[in-house]
Every structure is written in structure tokens, then in C-alpha cells.
file input_10.pdb (PDB, C-alpha atoms, pLDDT in the B column)
MODEL        1
ATOM      1  CA  MET A 163    -126.735-136.097 -70.209  1.00 69.00           C
ATOM      2  CA  ALA A 164    -125.677-135.193 -73.742  1.00 87.00           C
ATOM      3  CA  TYR A 165    -127.761-132.514 -75.397  1.00 96.00           C
ATOM      4  CA  ASP A 166    -130.394-133.919 -77.781  1.00 96.00           C
ATOM      5  CA  GLN A 167    -130.556-131.833 -80.960  1.00 96.00           C
ATOM      6  CA  ASN A 168    -134.011-133.226 -81.684  1.00 97.00           C
ATOM      7  CA  ASN A 169    -135.811-132.038 -78.575  1.00 98.00           C
ATOM      8  CA  ILE A 170    -138.834-129.856 -79.261  1.00 98.00           C
ATOM      9  CA  PHE A 171    -137.271-126.641 -77.940  1.00 98.00           C
ATOM     10  CA  ALA A 172    -134.243-127.121 -80.195  1.00 98.00           C
ATOM     11  CA  LYS A 173    -136.678-127.408 -83.091  1.00 98.00           C
ATOM     12  CA  ILE A 174    -138.473-124.248 -81.982  1.00 98.00           C
ATOM     13  CA  LEU A 175    -135.135-122.408 -81.755  1.00 98.00           C
ATOM     14  CA  ARG A 176    -134.265-123.547 -85.284  1.00 98.00           C
ATOM     15  CA  GLY A 177    -137.678-122.389 -86.524  1.00 97.00           C
ATOM     16  CA  GLU A 178    -138.731-125.902 -87.492  1.00 98.00           C
ATOM     17  CA  ILE A 179    -141.732-125.793 -85.164  1.00 97.00           C
ATOM     18  CA  PRO A 180    -143.761-122.626 -84.491  1.00 97.00           C
ATOM     19  CA  CYS A 181    -144.337-121.109 -81.080  1.00 97.00           C
ATOM     20  CA  ASN A 182    -146.471-118.339 -79.661  1.00 97.00           C
ATOM     21  CA  LYS A 183    -143.521-115.997 -79.216  1.00 98.00           C
ATOM     22  CA  ILE A 184    -143.473-113.345 -76.502  1.00 98.00           C
ATOM     23  CA  TYR A 185    -139.889-112.156 -76.526  1.00 98.00           C
ATOM     24  CA  GLU A 186    -136.557-112.878 -78.157  1.00 98.00           C
ATOM     25  CA  ASP A 187    -133.048-111.485 -77.853  1.00 98.00           C
ATOM     26  CA  ASP A 188    -129.487-112.763 -78.259  1.00 98.00           C
ATOM     27  CA  TYR A 189    -129.738-114.945 -75.175  1.00 98.00           C
ATOM     28  CA  VAL A 190    -133.324-116.149 -74.800  1.00 98.00           C
ATOM     29  CA  LEU A 191    -136.596-117.028 -76.438  1.00 98.00           C
ATOM     30  CA  ALA A 192    -139.888-116.811 -74.522  1.00 98.00           C
ATOM     31  CA  PHE A 193    -143.261-118.179 -75.565  1.00 98.00           C
ATOM     32  CA  HIS A 194    -146.595-119.270 -74.135  1.00 98.00           C
ATOM     33  CA  ASP A 195    -146.864-122.844 -72.859  1.00 97.00           C
ATOM     34  CA  ILE A 196    -149.239-124.804 -75.095  1.00 96.00           C
ATOM     35  CA  ALA A 197    -150.795-126.504 -72.039  1.00 95.00           C
ATOM     36  CA  PRO A 198    -151.010-123.662 -69.494  1.00 96.00           C
ATOM     37  CA  LYS A 199    -151.081-124.603 -65.808  1.00 96.00           C
ATOM     38  CA  ALA A 200    -152.147-121.101 -64.727  1.00 96.00           C
ATOM     39  CA  LYS A 201    -153.832-118.044 -66.267  1.00 97.00           C
ATOM     40  CA  VAL A 202    -150.397-116.943 -67.434  1.00 97.00           C
ATOM     41  CA  HIS A 203    -147.846-119.656 -68.194  1.00 98.00           C
ATOM     42  CA  ILE A 204    -144.709-118.578 -70.011  1.00 98.00           C
ATOM     43  CA  LEU A 205    -141.613-120.582 -70.877  1.00 98.00           C
ATOM     44  CA  VAL A 206    -138.228-118.912 -71.143  1.00 98.00           C
ATOM     45  CA  ILE A 207    -135.362-120.855 -72.711  1.00 98.00           C
ATOM     46  CA  PRO A 208    -131.721-119.985 -73.295  1.00 98.00           C
ATOM     47  CA  LYS A 209    -130.488-120.064 -76.871  1.00 98.00           C
ATOM     48  CA  GLY A 210    -127.463-122.103 -75.837  1.00 98.00           C
ATOM     49  CA  GLU A 211    -127.609-125.885 -75.751  1.00 98.00           C
ATOM     50  CA  TYR A 212    -128.110-126.663 -72.073  1.00 98.00           C
ATOM     51  CA  THR A 213    -130.113-129.597 -70.799  1.00 98.00           C
ATOM     52  CA  ASP A 214    -131.169-128.246 -67.414  1.00 98.00           C
ATOM     53  CA  ILE A 215    -130.525-125.710 -64.653  1.00 98.00           C
ATOM     54  CA  VAL A 216    -127.455-127.664 -63.532  1.00 98.00           C
ATOM     55  CA  ASP A 217    -125.868-127.762 -66.979  1.00 98.00           C
ATOM     56  CA  PHE A 218    -126.635-124.063 -67.526  1.00 98.00           C
ATOM     57  CA  GLY A 219    -125.315-123.051 -64.099  1.00 98.00           C
ATOM     58  CA  VAL A 220    -122.079-124.992 -64.509  1.00 98.00           C
ATOM     59  CA  ASN A 221    -121.384-124.492 -68.208  1.00 98.00           C
ATOM     60  CA  GLY A 222    -123.150-121.242 -69.046  1.00 98.00           C
ATOM     61  CA  SER A 223    -120.912-118.181 -69.111  1.00 98.00           C
ATOM     62  CA  ALA A 224    -121.460-115.288 -66.722  1.00 98.00           C
ATOM     63  CA  ASP A 225    -122.724-113.251 -69.679  1.00 98.00           C
ATOM     64  CA  GLU A 226    -125.163-115.971 -70.695  1.00 98.00           C
ATOM     65  CA  LEU A 227    -126.475-116.269 -67.149  1.00 98.00           C
ATOM     66  CA  LYS A 228    -126.865-112.509 -66.870  1.00 98.00           C
ATOM     67  CA  GLY A 229    -128.538-112.411 -70.273  1.00 98.00           C
ATOM     68  CA  PHE A 230    -130.959-115.165 -69.359  1.00 98.00           C
ATOM     69  CA  TYR A 231    -131.985-114.112 -65.867  1.00 98.00           C
ATOM     70  CA  SER A 232    -132.231-110.418 -66.721  1.00 98.00           C
ATOM     71  CA  ALA A 233    -134.485-111.367 -69.642  1.00 98.00           C
ATOM     72  CA  VAL A 234    -136.642-113.458 -67.287  1.00 98.00           C
ATOM     73  CA  ALA A 235    -137.063-110.353 -65.118  1.00 98.00           C
ATOM     74  CA  LYS A 236    -137.844-108.159 -68.116  1.00 98.00           C
ATOM     75  CA  ILE A 237    -140.387-110.614 -69.505  1.00 98.00           C
ATOM     76  CA  ALA A 238    -142.109-111.010 -66.124  1.00 98.00           C
ATOM     77  CA  ALA A 239    -142.440-107.225 -65.878  1.00 98.00           C
ATOM     78  CA  GLU A 240    -143.614-106.762 -69.456  1.00 98.00           C
ATOM     79  CA  GLN A 241    -146.197-109.521 -69.098  1.00 97.00           C
ATOM     80  CA  GLY A 242    -147.663-107.917 -65.975  1.00 97.00           C
ATOM     81  CA  LEU A 243    -146.488-110.590 -63.551  1.00 98.00           C
ATOM     82  CA  THR A 244    -144.401-108.467 -61.215  1.00 97.00           C
ATOM     83  CA  GLN A 245    -147.181-106.400 -59.649  1.00 96.00           C
ATOM     84  CA  ASP A 246    -149.056-109.258 -57.983  1.00 98.00           C
ATOM     85  CA  GLY A 247    -146.308-111.837 -58.199  1.00 98.00           C
ATOM     86  CA  PHE A 248    -145.612-115.130 -59.881  1.00 98.00           C
ATOM     87  CA  ARG A 249    -143.853-118.454 -59.437  1.00 98.00           C
ATOM     88  CA  SER A 250    -140.838-119.567 -61.437  1.00 98.00           C
ATOM     89  CA  ILE A 251    -140.144-123.279 -61.703  1.00 98.00           C
ATOM     90  CA  ALA A 252    -137.379-125.303 -63.289  1.00 98.00           C
ATOM     91  CA  ASN A 253    -137.842-129.056 -63.430  1.00 98.00           C
ATOM     92  CA  THR A 254    -134.804-131.296 -63.625  1.00 98.00           C
ATOM     93  CA  GLY A 255    -134.902-134.997 -64.408  1.00 97.00           C
ATOM     94  CA  SER A 256    -137.476-137.589 -63.470  1.00 97.00           C
ATOM     95  CA  PHE A 257    -138.270-136.562 -59.885  1.00 97.00           C
ATOM     96  CA  GLY A 258    -138.637-132.953 -61.024  1.00 97.00           C
ATOM     97  CA  GLY A 259    -140.976-133.852 -63.865  1.00 96.00           C
ATOM     98  CA  GLN A 260    -138.781-132.432 -66.654  1.00 97.00           C
ATOM     99  CA  GLU A 261    -140.461-133.033 -70.008  1.00 96.00           C
ATOM    100  CA  VAL A 262    -138.082-131.402 -72.491  1.00 98.00           C
ATOM    101  CA  PRO A 263    -134.286-131.796 -72.189  1.00 98.00           C
ATOM    102  CA  HIS A 264    -133.490-128.172 -72.996  1.00 98.00           C
ATOM    103  CA  TYR A 265    -133.289-125.890 -69.965  1.00 98.00           C
ATOM    104  CA  HIS A 266    -136.468-123.857 -69.467  1.00 98.00           C
ATOM    105  CA  ILE A 267    -138.014-121.872 -66.692  1.00 98.00           C
ATOM    106  CA  HIS A 268    -141.783-121.783 -66.231  1.00 98.00           C
ATOM    107  CA  LEU A 269    -143.307-118.451 -65.185  1.00 98.00           C
ATOM    108  CA  LEU A 270    -146.732-119.005 -63.642  1.00 98.00           C
ATOM    109  CA  GLY A 271    -148.976-116.107 -62.686  1.00 98.00           C
ATOM    110  CA  GLY A 272    -152.115-114.120 -63.353  1.00 97.00           C
ATOM    111  CA  GLU A 273    -153.686-115.722 -60.300  1.00 97.00           C
ATOM    112  CA  ARG A 274    -152.577-116.989 -56.905  1.00 96.00           C
ATOM    113  CA  ILE A 275    -150.459-120.122 -57.424  1.00 96.00           C
ATOM    114  CA  GLY A 276    -151.159-122.762 -54.767  1.00 92.00           C
ATOM    115  CA  PRO A 277    -148.814-124.795 -52.558  1.00 93.00           C
ATOM    116  CA  MET A 278    -145.327-125.570 -53.865  1.00 92.00           C
ATOM    117  CA  THR A 279    -145.980-129.301 -53.664  1.00 88.00           C
ATOM    118  CA  SER A 280    -148.964-131.565 -53.336  1.00 72.00           C
ATOM    119  CA  LEU A 281    -147.035-133.945 -51.066  1.00 58.00           C
TER     120      LEU A 281
ATOM    121  CA  MET B 109    -139.708-103.005 -53.124  1.00 69.00           C
ATOM    122  CA  ALA B 110    -136.887-101.722 -50.938  1.00 87.00           C
ATOM    123  CA  TYR B 111    -134.812-104.398 -49.284  1.00 96.00           C
ATOM    124  CA  ASP B 112    -135.791-105.062 -45.649  1.00 96.00           C
ATOM    125  CA  GLN B 113    -132.708-105.491 -43.479  1.00 96.00           C
ATOM    126  CA  ASN B 114    -134.807-107.241 -40.842  1.00 97.00           C
ATOM    127  CA  ASN B 115    -136.035-110.161 -42.930  1.00 98.00           C
ATOM    128  CA  ILE B 116    -135.165-113.561 -41.487  1.00 98.00           C
ATOM    129  CA  PHE B 117    -132.653-114.464 -44.203  1.00 98.00           C
ATOM    130  CA  ALA B 118    -130.775-111.194 -43.645  1.00 98.00           C
ATOM    131  CA  LYS B 119    -130.571-112.170 -39.971  1.00 98.00           C
ATOM    132  CA  ILE B 120    -129.305-115.635 -40.889  1.00 98.00           C
ATOM    133  CA  LEU B 121    -126.661-114.095 -43.175  1.00 98.00           C
ATOM    134  CA  ARG B 122    -125.535-111.824 -40.317  1.00 98.00           C
ATOM    135  CA  GLY B 123    -125.361-114.817 -37.977  1.00 97.00           C
ATOM    136  CA  GLU B 124    -128.088-113.443 -35.714  1.00 98.00           C
ATOM    137  CA  ILE B 125    -130.277-116.501 -36.276  1.00 97.00           C
ATOM    138  CA  PRO B 126    -128.896-120.030 -36.717  1.00 97.00           C
ATOM    139  CA  CYS B 127    -129.547-122.237 -39.712  1.00 97.00           C
ATOM    140  CA  ASN B 128    -128.871-125.836 -40.628  1.00 97.00           C
ATOM    141  CA  LYS B 129    -126.084-124.915 -43.039  1.00 98.00           C
ATOM    142  CA  ILE B 130    -125.262-127.079 -46.045  1.00 98.00           C
ATOM    143  CA  TYR B 131    -122.901-124.899 -48.057  1.00 98.00           C
ATOM    144  CA  GLU B 132    -121.411-121.421 -48.089  1.00 98.00           C
ATOM    145  CA  ASP B 133    -119.091-119.513 -50.378  1.00 98.00           C
ATOM    146  CA  ASP B 134    -118.520-115.883 -51.378  1.00 98.00           C
ATOM    147  CA  TYR B 135    -121.823-115.709 -53.249  1.00 98.00           C
ATOM    148  CA  VAL B 136    -124.336-117.976 -51.538  1.00 98.00           C
ATOM    149  CA  LEU B 137    -125.524-119.621 -48.374  1.00 98.00           C
ATOM    150  CA  ALA B 138    -127.547-122.854 -48.471  1.00 98.00           C
ATOM    151  CA  PHE B 139    -129.436-124.489 -45.630  1.00 98.00           C
ATOM    152  CA  HIS B 140    -132.266-126.908 -44.950  1.00 98.00           C
ATOM    153  CA  ASP B 141    -135.789-125.489 -44.917  1.00 97.00           C
ATOM    154  CA  ILE B 142    -137.204-125.676 -41.395  1.00 96.00           C
ATOM    155  CA  ALA B 143    -140.607-126.784 -42.749  1.00 95.00           C
ATOM    156  CA  PRO B 144    -139.654-129.222 -45.541  1.00 96.00           C
ATOM    157  CA  LYS B 145    -142.176-129.753 -48.333  1.00 96.00           C
ATOM    158  CA  ALA B 146    -140.340-132.817 -49.693  1.00 96.00           C
ATOM    159  CA  LYS B 147    -137.859-135.416 -48.420  1.00 97.00           C
ATOM    160  CA  VAL B 148    -135.097-133.000 -49.366  1.00 97.00           C
ATOM    161  CA  HIS B 149    -135.880-129.292 -49.218  1.00 98.00           C
ATOM    162  CA  ILE B 150    -132.948-126.914 -49.474  1.00 98.00           C
ATOM    163  CA  LEU B 151    -132.913-123.140 -49.688  1.00 98.00           C
ATOM    164  CA  VAL B 152    -130.146-121.318 -51.518  1.00 98.00           C
ATOM    165  CA  ILE B 153    -129.830-117.562 -51.063  1.00 98.00           C
ATOM    166  CA  PRO B 154    -127.439-115.014 -52.535  1.00 98.00           C
ATOM    167  CA  LYS B 155    -125.331-113.024 -50.095  1.00 98.00           C
ATOM    168  CA  GLY B 156    -126.246-109.791 -51.841  1.00 98.00           C
ATOM    169  CA  GLU B 157    -129.337-107.843 -50.832  1.00 98.00           C
ATOM    170  CA  TYR B 158    -131.896-108.798 -53.476  1.00 98.00           C
ATOM    171  CA  THR B 159    -135.590-109.112 -52.785  1.00 98.00           C
ATOM    172  CA  ASP B 160    -136.543-111.607 -55.477  1.00 98.00           C
ATOM    173  CA  ILE B 161    -135.609-113.245 -58.782  1.00 98.00           C
ATOM    174  CA  VAL B 162    -136.477-110.043 -60.668  1.00 98.00           C
ATOM    175  CA  ASP B 163    -134.302-107.807 -58.497  1.00 98.00           C
ATOM    176  CA  PHE B 164    -131.427-110.298 -58.677  1.00 98.00           C
ATOM    177  CA  GLY B 165    -131.736-110.749 -62.436  1.00 98.00           C
ATOM    178  CA  VAL B 166    -131.811-107.006 -63.123  1.00 98.00           C
ATOM    179  CA  ASN B 167    -129.402-105.728 -60.478  1.00 98.00           C
ATOM    180  CA  GLY B 168    -127.128-108.688 -59.819  1.00 98.00           C
ATOM    181  CA  SER B 169    -123.806-108.594 -61.662  1.00 98.00           C
ATOM    182  CA  ALA B 170    -122.876-111.281 -64.181  1.00 98.00           C
ATOM    183  CA  ASP B 171    -120.353-112.604 -61.646  1.00 98.00           C
ATOM    184  CA  GLU B 172    -122.961-112.746 -58.899  1.00 98.00           C
ATOM    185  CA  LEU B 173    -125.392-114.582 -61.174  1.00 98.00           C
ATOM    186  CA  LYS B 174    -122.711-117.045 -62.240  1.00 98.00           C
ATOM    187  CA  GLY B 175    -121.661-117.496 -58.613  1.00 98.00           C
ATOM    188  CA  PHE B 176    -125.212-118.132 -57.496  1.00 98.00           C
ATOM    189  CA  TYR B 177    -126.434-120.464 -60.217  1.00 98.00           C
ATOM    190  CA  SER B 178    -123.213-122.466 -60.387  1.00 98.00           C
ATOM    191  CA  ALA B 179    -123.459-122.931 -56.613  1.00 98.00           C
ATOM    192  CA  VAL B 180    -127.060-124.109 -56.985  1.00 98.00           C
ATOM    193  CA  ALA B 181    -125.812-126.741 -59.435  1.00 98.00           C
ATOM    194  CA  LYS B 182    -122.948-127.765 -57.145  1.00 98.00           C
ATOM    195  CA  ILE B 183    -125.235-128.038 -54.120  1.00 98.00           C
ATOM    196  CA  ALA B 184    -127.807-130.094 -56.028  1.00 98.00           C
ATOM    197  CA  ALA B 185    -125.080-132.512 -57.081  1.00 98.00           C
ATOM    198  CA  GLU B 186    -123.462-132.729 -53.656  1.00 98.00           C
ATOM    199  CA  GLN B 187    -126.815-133.341 -51.994  1.00 97.00           C
ATOM    200  CA  GLY B 188    -127.599-136.220 -54.339  1.00 97.00           C
ATOM    201  CA  LEU B 189    -130.405-134.472 -56.205  1.00 98.00           C
ATOM    202  CA  THR B 190    -129.034-134.632 -59.727  1.00 97.00           C
ATOM    203  CA  GLN B 191    -129.230-138.397 -60.264  1.00 96.00           C
ATOM    204  CA  ASP B 192    -133.016-138.741 -60.002  1.00 98.00           C
ATOM    205  CA  GLY B 193    -133.860-135.085 -60.438  1.00 98.00           C
ATOM    206  CA  PHE B 194    -135.400-132.268 -58.461  1.00 98.00           C
ATOM    207  CA  ARG B 195    -137.560-129.166 -58.781  1.00 98.00           C
ATOM    208  CA  SER B 196    -136.305-125.631 -58.231  1.00 98.00           C
ATOM    209  CA  ILE B 197    -138.836-122.963 -57.342  1.00 98.00           C
ATOM    210  CA  ALA B 198    -138.597-119.237 -56.781  1.00 98.00           C
ATOM    211  CA  ASN B 199    -141.681-117.499 -55.428  1.00 98.00           C
ATOM    212  CA  THR B 200    -142.166-113.810 -56.120  1.00 98.00           C
ATOM    213  CA  GLY B 201    -144.756-111.635 -54.403  1.00 97.00           C
ATOM    214  CA  SER B 202    -148.245-112.482 -53.268  1.00 97.00           C
ATOM    215  CA  PHE B 203    -149.445-114.650 -56.162  1.00 97.00           C
ATOM    216  CA  GLY B 204    -146.202-116.608 -56.017  1.00 97.00           C
ATOM    217  CA  GLY B 205    -146.464-117.200 -52.268  1.00 96.00           C
ATOM    218  CA  GLN B 206    -143.176-115.513 -51.375  1.00 97.00           C
ATOM    219  CA  GLU B 207    -142.709-115.593 -47.601  1.00 96.00           C
ATOM    220  CA  VAL B 208    -139.317-113.942 -47.097  1.00 98.00           C
ATOM    221  CA  PRO B 209    -138.300-110.800 -49.049  1.00 98.00           C
ATOM    222  CA  HIS B 210    -134.744-111.970 -49.732  1.00 98.00           C
ATOM    223  CA  TYR B 211    -134.292-113.895 -52.980  1.00 98.00           C
ATOM    224  CA  HIS B 212    -134.168-117.640 -52.423  1.00 98.00           C
ATOM    225  CA  ILE B 213    -134.528-120.718 -54.557  1.00 98.00           C
ATOM    226  CA  HIS B 214    -136.134-123.855 -53.178  1.00 98.00           C
ATOM    227  CA  LEU B 215    -134.599-127.176 -54.215  1.00 98.00           C
ATOM    228  CA  LEU B 216    -137.098-129.996 -53.733  1.00 98.00           C
ATOM    229  CA  GLY B 217    -136.132-133.611 -54.250  1.00 98.00           C
ATOM    230  CA  GLY B 218    -135.464-137.001 -52.731  1.00 97.00           C
ATOM    231  CA  GLU B 219    -138.791-138.186 -54.110  1.00 97.00           C
ATOM    232  CA  ARG B 220    -140.972-137.521 -57.131  1.00 96.00           C
ATOM    233  CA  ILE B 221    -142.392-134.001 -56.859  1.00 96.00           C
ATOM    234  CA  GLY B 222    -146.008-133.785 -58.044  1.00 92.00           C
ATOM    235  CA  PRO B 223    -147.752-131.412 -60.458  1.00 92.00           C
ATOM    236  CA  MET B 224    -146.381-127.883 -60.807  1.00 92.00           C
ATOM    237  CA  THR B 225    -149.664-126.390 -59.655  1.00 88.00           C
ATOM    238  CA  SER B 226    -152.754-127.571 -57.864  1.00 70.00           C
ATOM    239  CA  LEU B 227    -154.959-125.350 -60.041  1.00 57.00           C
TER     240      LEU B 227
ENDMDL
END
call {"tool": "encode", "arguments": {"input": "input_10.pdb", "output": "C-alpha cells"}}
result
Amino acid sequence: MAYDQNNIFAKILRGEIPCNKIYEDDYVLAFHDIAPKAKVHILVIPKGEYTDIVDFGVNGSADELKGFYSAVAKIAAEQGLTQDGFRSIANTGSFGGQEVPHYHIHLLGGERIGPMTSL
Amino acid sequence: MAYDQNNIFAKILRGEIPCNKIYEDDYVLAFHDIAPKAKVHILVIPKGEYTDIVDFGVNGSADELKGFYSAVAKIAAEQGLTQDGFRSIANTGSFGGQEVPHYHIHLLGGERIGPMTSL
């Protein structure tokens, strides 16, 4: 899938749409989800143009991957998620329920998160 | 949390317990979950001794992170998950529902995966 420059996270990265920012560095931007699915619901996105976890894993550089996943860890700790735990979710495509075609990881915590699936 | 050499995934990596292996390389081992929560339910684990996504993100090298997440992408594609999509989940600690203290990512697919939380 070609990257869509008009997806909402691209617009947030370009500053065209505001977000409730938590953290930013050279590699990532993190902000609160506008429709939280748990007491704490954070989105972390890479600054590079990657559509999903597959695209990022294949085409992201080792430095970008290190930058992204170390920032995820740092954000989880800073936001108080590491003491009691949290769930991280990346949705890919239709079956995964992906809503925005820019790679993002959901961090859900602040309370016990239920079963992994409702199947 | 110090790494526990006796966790079940450490035993699988040492060959002390069998698994239904899907893929293996220098960085990862992937196998079918023994209690699948979707039509396809794969676990991918790094070969290094990391307790969770935070430990791996902070202490894993850039090469290890690239090796792991590129393998996740490769496995998802080879197992037919990328066409219709899938969900990847990493549980950390109690609130996340982590069951084994060796970092692992769940790949759930083969059917539409429901809401991210049952909250």
C-alpha cells in the first residue's frame, strides 16, 4: 500500500491538525487517543512515512526501529504504565481494524485490560 | 524485573520443551500459540533474554530490534496475514495480562479481530 500523505497522522506530524502531545523526539510523536479505550490510551507514531508494522519492520532502518521502540519504552515509563503493566497493540489492515494508514502503536493501561480478543 | 531463566519460552529456546515451530533465524523464534485466540495465533519471541517490550526497546541493540521486527513482518507475510490484515499485541505486566516473562508478540489473524478492549 502506497503511503497516503493525507492521512490524519501525517497531518498531525505536519502540524496541520492539533494533538494532545505527550512526547516528541527525532523519531516519534506520542499523543493521547481522542477516543480512549482505557483509562490511559496513548498513540505512538514514527515520524517516517510507514503504513503499518510490516512496512516499518521491513523498510525502517535499524536506527529508526531503535529510536521508535526505545521511545515507546520511555513513554510507557514516564506515563506510569510500567509499574502495573499495559498492553501495546498495532492493528494492520481490515482484519486488524486499522483506522489510520500511518503506523501507530496503542498503549493501553491505567487499569486491567481484558482478554486479547472477544472471539 | 530480572530475567527468569526458567520461564517456558526460555525452555523452548533451549530445546527443553517442544513447540510447533513456524520460523527461526538468528534473532527470533516463531511458533503457534497452544491456546489460539483466533484462527491464526502466532507468537514471535526474540532469542535474547528480554522480559517485555520495555526491556527489549531499552536494552535491545538496533540490530536486534531490526532483526526482530523485520522477522515479524516476514512471518506475517509468509503466514498469509498481510493480505486481509492482523493484530499484533504485546502484553506487559499484570494490567496487560502478560503470562510469560520473556518478550513475545502475538500475531492474531485469519479472521476479523474484534474491539481492542472489552472495557
call {"tool": "resolve_selection", "arguments": {"input": "input_10.pdb", "expression": "the PyMOL selection byres ((chain A and resi 230) around 8)", "output": "list in words"}}
result
Tyr189, Val190, Ile207, Pro208, Glu226, Leu227, Lys228, Gly229, Tyr231, Ser232, Ala233 and Val234 of chain A
call {"tool": "atom_distance", "arguments": {"input": "input_10.pdb", "atom1": "atom CA of A:Ser223", "atom2": "atom CA of B:Gly156"}}
result
19.9 Å
call {"tool": "interface_residues", "arguments": {"input": "input_10.pdb", "of": "chain A", "to": "chain B", "cutoff": "7 Å", "atoms": "only C-alpha atoms", "output": "ChimeraX atom specification"}}
result
/A:199-200,216,219-220,224-225,227-228,231-232,235,246-258,271,273-276,279-281
call {"tool": "resolve_selection", "arguments": {"input": "input_10.pdb", "expression": "the PyMOL selection byres ((chain B and resi 118) around 12)", "output": "PDB file with C-alpha atoms, in the coordinates of the input"}}
result
ATOM      1  CA  TYR B 111    -134.812-104.398 -49.284  1.00 96.00           C
ATOM      2  CA  ASP B 112    -135.791-105.062 -45.649  1.00 96.00           C
ATOM      3  CA  GLN B 113    -132.708-105.491 -43.479  1.00 96.00           C
ATOM      4  CA  ASN B 114    -134.807-107.241 -40.842  1.00 97.00           C
ATOM      5  CA  ASN B 115    -136.035-110.161 -42.930  1.00 98.00           C
ATOM      6  CA  ILE B 116    -135.165-113.561 -41.487  1.00 98.00           C
ATOM      7  CA  PHE B 117    -132.653-114.464 -44.203  1.00 98.00           C
ATOM      8  CA  LYS B 119    -130.571-112.170 -39.971  1.00 98.00           C
ATOM      9  CA  ILE B 120    -129.305-115.635 -40.889  1.00 98.00           C
ATOM     10  CA  LEU B 121    -126.661-114.095 -43.175  1.00 98.00           C
ATOM     11  CA  ARG B 122    -125.535-111.824 -40.317  1.00 98.00           C
ATOM     12  CA  GLY B 123    -125.361-114.817 -37.977  1.00 97.00           C
ATOM     13  CA  GLU B 124    -128.088-113.443 -35.714  1.00 98.00           C
ATOM     14  CA  ILE B 125    -130.277-116.501 -36.276  1.00 97.00           C
ATOM     15  CA  PRO B 126    -128.896-120.030 -36.717  1.00 97.00           C
ATOM     16  CA  CYS B 127    -129.547-122.237 -39.712  1.00 97.00           C
ATOM     17  CA  LEU B 137    -125.524-119.621 -48.374  1.00 98.00           C
ATOM     18  CA  ILE B 153    -129.830-117.562 -51.063  1.00 98.00           C
ATOM     19  CA  PRO B 154    -127.439-115.014 -52.535  1.00 98.00           C
ATOM     20  CA  LYS B 155    -125.331-113.024 -50.095  1.00 98.00           C
ATOM     21  CA  GLY B 156    -126.246-109.791 -51.841  1.00 98.00           C
ATOM     22  CA  GLU B 157    -129.337-107.843 -50.832  1.00 98.00           C
ATOM     23  CA  TYR B 158    -131.896-108.798 -53.476  1.00 98.00           C
ATOM     24  CA  THR B 159    -135.590-109.112 -52.785  1.00 98.00           C
ATOM     25  CA  VAL B 208    -139.317-113.942 -47.097  1.00 98.00           C
ATOM     26  CA  PRO B 209    -138.300-110.800 -49.049  1.00 98.00           C
ATOM     27  CA  HIS B 210    -134.744-111.970 -49.732  1.00 98.00           C
ATOM     28  CA  TYR B 211    -134.292-113.895 -52.980  1.00 98.00           C
ATOM     29  CA  HIS B 212    -134.168-117.640 -52.423  1.00 98.00           C
TER      30      HIS B 212
END
call {"tool": "atom_distance", "arguments": {"input": "input_10.pdb", "atom1": "atom CA of B:Gln187", "atom2": "atom CA of B:Ile150"}}
result
9.2 Å
call {"tool": "atom_distance", "arguments": {"input": "input_10.pdb", "atom1": "atom CA of B:Asp133", "atom2": "atom CA of B:Val152"}}
result
11.3 Å
